[in-house]
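Beneath this line is the structure, given in structure tokens, with notes to follow.
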Amino acid sequence: MTDATLVKPHRRLRLPKSLKDPLFVLAVLVFTAVIFMAIFADVIAPTDPQDMVNMPFLWPFQDSFSPLGTDQLGRDLYSGIVHGSRSTLAVGFSAAIFGLIIGTAVGATGGYFGGWIDTLLMRLTEIFQTMPTMLLIIVLLAIGDPSIPLIAVAIGLAAWPMIARLARAEFKALREADFVMAAKSLGYPTSRIILREILPNALPTLVVGASVLVANGILLESAVSFLNLGDPNVVSWGSLIGNGRTQIRSEWYLSALPGLATVLTVLSLNIIGDRLTDILNPRSKVR
Amino acid sequence: MRAIGKVILRTLLQAIPTMLGIVLISFILLHLMPGDAVDAIAGMSGSASQETMHAMREAYGLNDNIVVQFWNYITGVFSLNFGQSINYSAPVLDVIMERLPATLILMLSAFVLALMTGILVGWGMAVFAGKWPDRLLTSGSLLFYSAPNFWVGLMIIVVFSAKLRWFPSGGAESIGASLEGWAWFLDRLHHLVLPSVALAAFFMAIYARLTRAAMLEVLRQDYIRTAAAKGIHPVVIQFRHGLRNALIPVTTVAGLHLGNLLGGAVVVETVFNWPGLGRLTMSALAARDNQVLLGILLLSSVAVIVTNVVIDWLITLLDPRIRA
């Protein structure tokens, strides 16, 4: 060891066995397809999901112009699902990033410094964990007009405790690691030790945790827009399901199909998260 | 038994700062919400002059120093005074208590259903770990884990209510049928099935996954090998040594999920027109009945805290290592 700055602690990800798992591959493919759908929504489904373009109550495969049918106002369900993926994913991801930032900041501070700071921050985490997530989101939505940023912030604000606990455990364990001791004895400032020594090592665990947060975010967003608490001018999978609810006994496909899209997306995220957890878990056999 | 008393005391003492924190957050939220109680009352009565509104704010203590207001709020909450519902013109506590039983029944039946099927399925998965029944059940539980509960609710309405006509699609009892005794009970039960299943599905998946992981962990332990070496029957080992210890993490998590269960109930109630707290939450939100909204948040948080204290106590009963 000649130059301390060259010593980069690194935990390598070993993927081979999981990459061969067909379920994992399928999940990655499905999720990539959903992201692709959200990015190129205008190309894949050129019609506006809010426009009345066809006869009302067309069933799927009945009309080639509206392949997945139309709702009570003749709005195209196919473009609804394609365009709806945008707000669903946007909220899911931004809520997860927001939750990841708060959770990591709180957990890292508590775990690294310990003592009364840790006690105080853990109490705060506990307070947020105690309040029922869905109720907290509804109350937060009562503060302002419904918009995608507000929903994302509300979900992130309600969901960060899980990340905080993960981050705290990681930082608590890594604080005692040899490379941190080395960094301390070299006189590095605390901020550098936290951000450049410990954080990169804790990041894999936190990112896997965040994949659960994205899945949860998507489920919560769909619940919020299903309850009609979302932005009324934006189509999302939840609002499509909610819109189909009035005709659930006859035209059930209106709720079934956007719901299926939600399930497939969340399922693929959960499978990806599960496999990544296995890879990171030293005791697991599947890595 | 003395250890249990200590556990109860310790957890209760820990609960107090959490409770105070929640009251503080709810006070902040109340002030962030647009409009105060006087705005709401003035809106209900059509119009009010600036002078009357000012007088009313004075009477309600809304012009006081913010610290004084917070003190009044805390003392109010701890004497179970959650303010007045503008939508129902009644104390918030009364409005909530009227709706609470329906939600509790739904939550309890969903919880029992989820816990029983979840533990059973998880145990089955652990017994067949790695073989096809495990794979099948694991995929199935992952599917339920990924489905929005309101969508599950709508889909079982399509199948079991619209197509098969086995169960009613909503409400807590048959309207206009003045049933009594046994028939009344069966009618309520009949209405309870679909919402309970819709709410339970997600939690069943969680408990199944947890039970599986905990079972596999426990079965690796030395005391299981010791028990087997002593010649204890494998079935006895599975249940008395295996499942019993595996239930400890499951119970802990089940307690932590109470809040989520309530959140799920809010959504499922809307799907099934269930006359509980969920519907109250939605109507309070629509009517900007802020005190009711925060009352529900506060009371449910208290319920979560109390349940977790009870769970801690249950775990000391389940786990001989903690009891000692």
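Identifiers in the structure tokens: chain A, B, ... in order shown; residue index from 1 per chain; ligand index from 1 in order shown.
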
Using only C-alpha atoms and a distance of at most 7 Å, pull out the residues of chain A that contact chain B, as number ranges by chain. A: 123, 127, 130-136, 139, 142-143, 219, 248-249, 252, 259, 263, 266-267

For His191 (chain B), work out the shell of residues within 12 Å, counting only C-alpha atoms and skipping chain neighbours fewer than 5 positions away, then give it as a PyMOL selection string. chain B and resi 102+105-106+109+157+160-161+166-175+184-186+196-197+269+272-275

Can you tell me which residues surround region 115-120 of chain A at a distance of at most 12 Å, considering only C-alpha atoms, apart from same-chain residues fewer than 2 positions away, and format the answer as a list in words?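 Within the cut-off, the hits are Ala105, Val106, Gly107, Ala108, Thr109, Gly110, Gly111, Tyr112, Phe113, Met122, Arg123, Leu124, Thr125, Glu126, Ile127, Ala164, Arg165, Arg168, Ala169, Phe171 and Lys172 of chain A; Gln14, Pro17, Thr18 and Gly21 of chain B.
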
Okay, now the selection with C-alpha atoms, as a compact mmCIF listing (two decimals), in the first residue's frame?
# COMPACT_ATOMS: atom_id res chain seq x y z
CA ALA A 105 -29.43 10.57 5.48
CA VAL A 106 -31.27 9.68 8.68
CA GLY A 107 -29.99 6.10 8.92
CA ALA A 108 -26.39 6.98 8.03
CA THR A 109 -26.21 9.81 10.56
CA GLY A 110 -27.71 7.70 13.33
CA GLY A 111 -25.69 4.59 12.53
CA TYR A 112 -22.37 6.41 12.18
CA PHE A 113 -22.52 8.76 15.15
CA MET A 122 -34.50 6.20 15.54
CA ARG A 123 -37.38 7.68 17.50
CA LEU A 124 -38.20 9.85 14.50
CA THR A 125 -38.07 6.79 12.25
CA GLU A 126 -40.33 4.93 14.63
CA ILE A 127 -42.83 7.79 14.63
CA ALA A 164 -33.38 4.38 7.32
CA ARG A 165 -33.27 1.09 9.22
CA ARG A 168 -28.41 2.48 10.02
CA ALA A 169 -27.56 -1.21 10.26
CA PHE A 171 -23.36 2.15 8.80
CA LYS A 172 -23.25 0.75 12.30
CA GLN B 14 -40.75 3.96 25.11
CA PRO B 17 -42.12 9.95 23.17
CA THR B 18 -43.40 8.27 20.00
CA GLY B 21 -44.01 12.99 18.29

Residues within 10 Å of Pro249 (chain B), only C-alpha atoms, excluding chain neighbours under 3 positions, as a short mmCIF file (atom, residue, chain, number, x, y, z; two decimals) with N, CA and C atoms, in the first residue's frame:
data_model
loop_
_atom_site.label_atom_id
_atom_site.label_comp_id
_atom_site.auth_asym_id
_atom_site.auth_seq_id
_atom_site.Cartn_x
_atom_site.Cartn_y
_atom_site.Cartn_z
N TYR B 207 -46.81 -13.08 5.11
CA TYR B 207 -46.63 -14.02 6.21
C TYR B 207 -46.11 -15.36 5.70
N LEU B 210 -42.42 -14.93 5.06
CA LEU B 210 -41.72 -14.84 6.34
C LEU B 210 -41.62 -16.18 7.04
N THR B 211 -42.75 -16.90 7.06
CA THR B 211 -42.76 -18.19 7.74
C THR B 211 -41.77 -19.13 7.08
N ALA B 213 -39.00 -18.38 5.36
CA ALA B 213 -37.63 -17.99 5.70
C ALA B 213 -37.31 -18.35 7.15
N ALA B 214 -38.25 -18.06 8.06
CA ALA B 214 -38.00 -18.32 9.48
C ALA B 214 -37.89 -19.81 9.76
N ASN B 245 -40.79 -21.63 17.11
CA ASN B 245 -39.74 -20.61 17.09
C ASN B 245 -39.79 -19.75 15.83
N ALA B 246 -40.27 -20.36 14.75
CA ALA B 246 -40.37 -19.60 13.51
C ALA B 246 -41.45 -18.53 13.62
N THR B 252 -43.75 -10.65 15.23
CA THR B 252 -43.22 -9.28 15.30
C THR B 252 -43.64 -8.48 14.08
N VAL B 253 -43.43 -9.08 12.90
CA VAL B 253 -43.76 -8.36 11.68
C VAL B 253 -45.26 -8.15 11.56
N ALA B 254 -46.03 -9.15 11.99
CA ALA B 254 -47.49 -9.01 11.93
C ALA B 254 -47.92 -7.78 12.72
N GLY B 255 -47.27 -7.54 13.87
CA GLY B 255 -47.60 -6.37 14.67
C GLY B 255 -47.24 -5.09 13.95
N ILE B 315 -44.31 -12.05 22.55
CA ILE B 315 -43.05 -12.67 22.17
C ILE B 315 -42.31 -13.19 23.40
#

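If you count only C-alpha atoms and ignore residues fewer than 6 places along the chain from Met53 (chain B), what sits within 8 Å of it is B:Val38, B:Asp39, B:Ala42.
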
Need to verify the contact set: region 216-224 of chain B, 12 Å, only C-alpha atoms, exclusion of same-chain residues closer than 4 positions in sequence. Can you return it as an MDAnalysis selection string? (chainID A and resid 283:284) or (chainID B and resid 122:130 209:212 228:249)

For the structure I just gave you, how does DSSP split region 51-123 of chain B - specifically, which residues are helix (DSSP H, G or I)? Reply as a ChimeraX atom specification. /B:51-60,66-78,92-123

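Proximity to Ala261 (chain A) was assessed for A:Pro200, A:Tyr188, A:Leu150, A:Ser222 counting only C-alpha atoms; the smallest distance is recorded for A:Ser222.
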
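Taking CA of Gln247 (chain A) and CA of Asp187 (chain B) as endpoints, the distance between them is 25.3 Å.
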
Given the choices A:Phe24, A:Phe128, A:Phe31, A:Trp237, which gets closest to Leu220 (chain A) if the distance is worked out from only C-alpha atoms? A:Trp237

Using only C-alpha atoms, determine which residues lie at most 12 Å from Asn233 (chain A), disregarding the query and same-chain residues fewer than 5 positions distant; provide the list as a PDB file with N, CA and C atoms, in the first residue's frame.
ATOM      1  N   ASP A  48     -54.278  10.348 -28.057  1.00  0.00           N
ATOM      2  CA  ASP A  48     -54.348  10.871 -26.698  1.00  0.00           C
ATOM      3  C   ASP A  48     -55.324  10.018 -25.879  1.00  0.00           C
ATOM      4  N   PRO A  49     -54.866   9.513 -24.710  1.00  0.00           N
ATOM      5  CA  PRO A  49     -55.758   8.649 -23.920  1.00  0.00           C
ATOM      6  C   PRO A  49     -56.998   9.371 -23.403  1.00  0.00           C
ATOM      7  N   GLN A  50     -56.990  10.702 -23.428  1.00  0.00           N
ATOM      8  CA  GLN A  50     -58.159  11.447 -22.943  1.00  0.00           C
ATOM      9  C   GLN A  50     -59.163  11.730 -24.060  1.00  0.00           C
ATOM     10  N   ASP A  51     -58.766  11.461 -25.327  1.00  0.00           N
ATOM     11  CA  ASP A  51     -59.647  11.765 -26.457  1.00  0.00           C
ATOM     12  C   ASP A  51     -60.690  10.671 -26.672  1.00  0.00           C
ATOM     13  N   GLY A  84     -50.441   5.753 -19.353  1.00  0.00           N
ATOM     14  CA  GLY A  84     -50.555   5.671 -17.893  1.00  0.00           C
ATOM     15  C   GLY A  84     -49.282   5.188 -17.235  1.00  0.00           C
ATOM     16  N   SER A  87     -46.979   8.221 -15.655  1.00  0.00           N
ATOM     17  CA  SER A  87     -47.155   8.802 -14.324  1.00  0.00           C
ATOM     18  C   SER A  87     -46.933   7.750 -13.251  1.00  0.00           C
ATOM     19  N   PRO A 146     -53.987  18.081  -5.828  1.00  0.00           N
ATOM     20  CA  PRO A 146     -53.337  16.857  -6.289  1.00  0.00           C
ATOM     21  C   PRO A 146     -52.454  17.114  -7.508  1.00  0.00           C
ATOM     22  N   SER A 147     -51.195  16.693  -7.418  1.00  0.00           N
ATOM     23  CA  SER A 147     -50.297  16.788  -8.556  1.00  0.00           C
ATOM     24  C   SER A 147     -49.287  15.665  -8.400  1.00  0.00           C
ATOM     25  N   ILE A 148     -48.624  15.320  -9.492  1.00  0.00           N
ATOM     26  CA  ILE A 148     -47.673  14.206  -9.440  1.00  0.00           C
ATOM     27  C   ILE A 148     -46.551  14.457  -8.427  1.00  0.00           C
ATOM     28  N   SER A 225     -54.489   7.074  -7.025  1.00  0.00           N
ATOM     29  CA  SER A 225     -55.263   7.516  -8.193  1.00  0.00           C
ATOM     30  C   SER A 225     -56.537   6.701  -8.345  1.00  0.00           C
ATOM     31  N   ASN A 228     -59.221   8.359  -6.662  1.00  0.00           N
ATOM     32  CA  ASN A 228     -59.548   9.651  -7.260  1.00  0.00           C
ATOM     33  C   ASN A 228     -58.861  10.811  -6.567  1.00  0.00           C
ATOM     34  N   SER A 239     -55.959   5.225 -11.999  1.00  0.00           N
ATOM     35  CA  SER A 239     -57.167   5.956 -12.373  1.00  0.00           C
ATOM     36  C   SER A 239     -57.957   5.182 -13.421  1.00  0.00           C
TER      37      SER A 239
END

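Distances here use only C-alpha atoms; by that measure, the residue among B:Met116, B:Leu277, B:Val68, B:Val77 closest to Met97 (chain B) is B:Leu277.
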